[in-house]
Amino acid sequence: MRSEQMRELPAAALALVTGRPVSLYATAVLRIGYGLLYLVFLLREFPHRHEIWGPGSPWTPALAARLFDQTGWWSFLLLSDSRAYFELCYGVALVTSALFLLGWRTRATSLLFAVVVTSFHARSIFMTDGGDNLVLLMSLYLVLTACGRRWSLDARRERRKAARAAGTTMRAKGPGPTARQLRDARATLTTVVHNCGVFVIAAQVCFLYGSAGLYKVQGSYWADGTALHYVLHLELFQPWPALSHFLDQYPLAIAAITYLTVLTQVAFPFVLFGRLKYPVLALLLGMHAGIAVLLGLPVFSGAMIIADAVFLPDRFYTSLPRLGRRTARRLGVRLPRPREEAAGGPVLPQAGPEAPGLKLR
């Protein structure tokens, strides 16, 4: 019996990878989250853009170019020293982030967004931190995914197109067998690439948490429960000094949070296939919220919180509208009734053998 199950594993794995794109809502959340995060980041640094990335930065274009010769990095910001060119690039970055957030022509804008993030990251690489590194990695991984299939302008356009096609009485002649085979092969290929991209994203997050937890285990301050105490006394990470000193008055709570942080990070990769992952994700959410407020690292915390969304199933995201309407009714808020969607449901069917011609983005 066990040998038969072992023989069925490759077929089951192949069906999982090629059958249909997984986590479409989760990748949509990642697209919206990272697009919004980078847009807010660029707007926040708008008054300081020249000092960080512009031609007048202390890290001059000449120094950046010399570093690129050694590291292999590249940035379109160095194609010209003109101030007008830099302003144009900054405007393109803002527009690209907004379009990526909205999911407009996601196949192209996801690639352009990755180029923008890579270029700005490389231009002043010594001013980046862990949050910037994660945003860079995720922007590259999202190019592989079908992150525009849900909650996007692309999905809205596809629904309208399906509605118009359903209302047409005249039927066009179907494609020939060769065209149909090519279409099926394209759908299968894009499904495989999407699923592999989702797997890489999940593996990256697991590696981040696992390695962070194991490194903490080796530190004496984490072992004796005093690491958070010392962190709260670092002036560089004290946006609210009064709050940091207030929390430091409770050493028992500080020690408990320190140990819980290590335990949660080490355990995270091992609880993903059970229901225990939900309380662990809730603990991580609280941890990152605390890091954002106490240590003044909102970009890092936001990047990690958004990355954690890949582990929530699609049924969780599809239940959010119903939960919102139910909560609104309890609060006495009247909401418009949801419109009837084309194709018999609120979302398009997932691409796969049953819908081989459907675009993944």
# chains A, B, ... in the order shown; residues from 1 in each chain; ligands from 1
$ select_by_dssp --residues "segment 202-321 of chain A" --states "helix (DSSP H, G or I)" --output "ChimeraX atom specification"
/A:202-217,220-223,227-231,235-237,241-247,251-270,277-294,298-311,314-321
$ closest_atom_pairs --of "segment 144-241 of chain A" --to "segment 287-305 of chain A" --cutoff "6 Å" --atoms "only C-alpha atoms" --output "JSON lines"
{"residue": "A:Phe237", "atom": "CA", "partner": "A:Leu295", "partner_atom": "CA", "distance": 4.6}
{"residue": "A:Gln238", "atom": "CA", "partner": "A:Leu295", "partner_atom": "CA", "distance": 5.7}
{"residue": "A:Pro239", "atom": "CA", "partner": "A:Gly296", "partner_atom": "CA", "distance": 5.6}
$ write_last_selection --atoms "C-alpha atoms" --output "PDB file, in the first residue's frame"
ATOM      1  CA  PHE A 237      15.810  52.967  17.138  1.00  0.00           C
ATOM      2  CA  GLN A 238      13.855  55.190  19.505  1.00  0.00           C
ATOM      3  CA  PRO A 239      11.145  57.081  17.593  1.00  0.00           C
TER       4      PRO A 239
END
$ closest_residue --among "A:Trp240, A:Trp74, A:Phe41, A:Tyr278" --to "Val115 of chain A" --atoms "only C-alpha atoms"
A:Trp74
$ closest_atom_pairs --of "segment 266-312 of chain A" --to "segment 192-206 of chain A" --cutoff "9 Å" --atoms "only C-alpha atoms" --output "tab-separated table"
residue	atom	partner	partner_atom	distance
A:Phe268	CA	A:Cys206	CA	7.0
A:Pro269	CA	A:Cys206	CA	5.3
A:Met304	CA	A:Val205	CA	8.3
A:Ala307	CA	A:Val205	CA	6.9
A:Asp308	CA	A:Val205	CA	7.4
A:Val310	CA	A:Ala202	CA	6.7
A:Phe311	CA	A:Ala202	CA	7.3
$ residues_around --residues "Leu79 of chain A" --least-positions-apart "6" --cutoff "10 Å" --atoms "only C-alpha atoms" --output "list in words"
Pro61, Tyr85 and Phe86 of chain A
$ closest_residue --among "A:Asn133, A:Gly35, A:Ala163, A:Cys89" --to "Thr109 of chain A" --atoms "only C-alpha atoms"
A:Gly35
$ residues_around --residues "Val217 of chain A" --least-positions-apart "3" --cutoff "12 Å" --atoms "only C-alpha atoms" --output "list of chain:residue names"
A:Gly210, A:Ser211, A:Ala212, A:Gly213, A:Leu214, A:Ser220, A:Tyr221, A:Trp222, A:Ala223, A:Asp224, A:Gly225, A:Ala227, A:Thr258, A:Tyr259, A:Leu260, A:Thr261, A:Val262, A:Leu263, A:Thr264, A:Gln265, A:Val266
$ write_last_selection --atoms "N, CA and C atoms" --output "short mmCIF file (atom, residue, chain, number, x, y, z; two decimals), in the first residue's frame"
data_model
loop_
_atom_site.label_atom_id
_atom_site.label_comp_id
_atom_site.auth_asym_id
_atom_site.auth_seq_id
_atom_site.Cartn_x
_atom_site.Cartn_y
_atom_site.Cartn_z
N GLY A 210 13.28 31.27 9.54
CA GLY A 210 14.08 30.20 10.12
C GLY A 210 15.50 30.64 10.43
N SER A 211 16.15 31.30 9.47
CA SER A 211 17.52 31.73 9.69
C SER A 211 17.60 32.80 10.77
N ALA A 212 16.62 33.73 10.79
CA ALA A 212 16.62 34.76 11.84
C ALA A 212 16.48 34.14 13.22
N GLY A 213 15.59 33.15 13.34
CA GLY A 213 15.42 32.50 14.63
C GLY A 213 16.66 31.72 15.06
N LEU A 214 17.30 31.02 14.13
CA LEU A 214 18.49 30.24 14.47
C LEU A 214 19.67 31.14 14.82
N SER A 220 23.89 35.36 23.03
CA SER A 220 23.75 35.27 24.49
C SER A 220 22.64 36.16 25.00
N TYR A 221 22.44 37.34 24.38
CA TYR A 221 21.39 38.24 24.84
C TYR A 221 20.00 37.66 24.61
N TRP A 222 19.84 36.91 23.52
CA TRP A 222 18.55 36.27 23.27
C TRP A 222 18.38 35.07 24.20
N ALA A 223 19.47 34.41 24.52
CA ALA A 223 19.38 33.24 25.39
C ALA A 223 18.99 33.61 26.82
N ASP A 224 19.46 34.76 27.31
CA ASP A 224 19.10 35.14 28.67
C ASP A 224 17.90 36.10 28.72
N GLY A 225 17.28 36.36 27.55
CA GLY A 225 16.04 37.14 27.53
C GLY A 225 16.20 38.63 27.68
N ALA A 227 17.69 40.65 25.15
CA ALA A 227 17.97 41.31 23.87
C ALA A 227 17.05 42.51 23.64
N THR A 258 10.90 38.29 24.30
CA THR A 258 12.16 37.90 23.66
C THR A 258 12.16 36.41 23.34
N TYR A 259 11.80 35.58 24.31
CA TYR A 259 11.76 34.13 24.08
C TYR A 259 10.68 33.76 23.07
N LEU A 260 9.54 34.42 23.14
CA LEU A 260 8.45 34.11 22.22
C LEU A 260 8.84 34.46 20.79
N THR A 261 9.59 35.54 20.61
CA THR A 261 10.05 35.92 19.27
C THR A 261 10.93 34.83 18.66
N VAL A 262 11.88 34.34 19.43
CA VAL A 262 12.78 33.30 18.94
C VAL A 262 12.00 32.02 18.64
N LEU A 263 11.14 31.62 19.55
CA LEU A 263 10.37 30.39 19.37
C LEU A 263 9.48 30.47 18.14
N THR A 264 8.83 31.61 17.95
CA THR A 264 7.92 31.77 16.81
C THR A 264 8.67 31.70 15.49
N GLN A 265 9.81 32.37 15.41
CA GLN A 265 10.57 32.38 14.15
C GLN A 265 11.14 31.01 13.82
N VAL A 266 11.65 30.31 14.83
CA VAL A 266 12.22 28.98 14.57
C VAL A 266 11.13 27.99 14.19
#
$ atom_distance --atom1 "atom CA of Arg83 of chain A" --atom2 "atom CA of Gly54 of chain A"
7.4 Å
$ residues_around --residues "segment 247-250 of chain A" --least-positions-apart "5" --cutoff "12 Å" --atoms "only C-alpha atoms" --output "ChimeraX atom specification"
/A:226-233,240-242,255-257,290,294
$ closest_residue --among "A:Pro279, A:Pro321, A:Gly33, A:Pro58" --to "Met127 of chain A" --atoms "only C-alpha atoms"
A:Pro58
$ atom_distance --atom1 "atom CA of Leu234 of chain A" --atom2 "atom CA of His121 of chain A"
26.0 Å
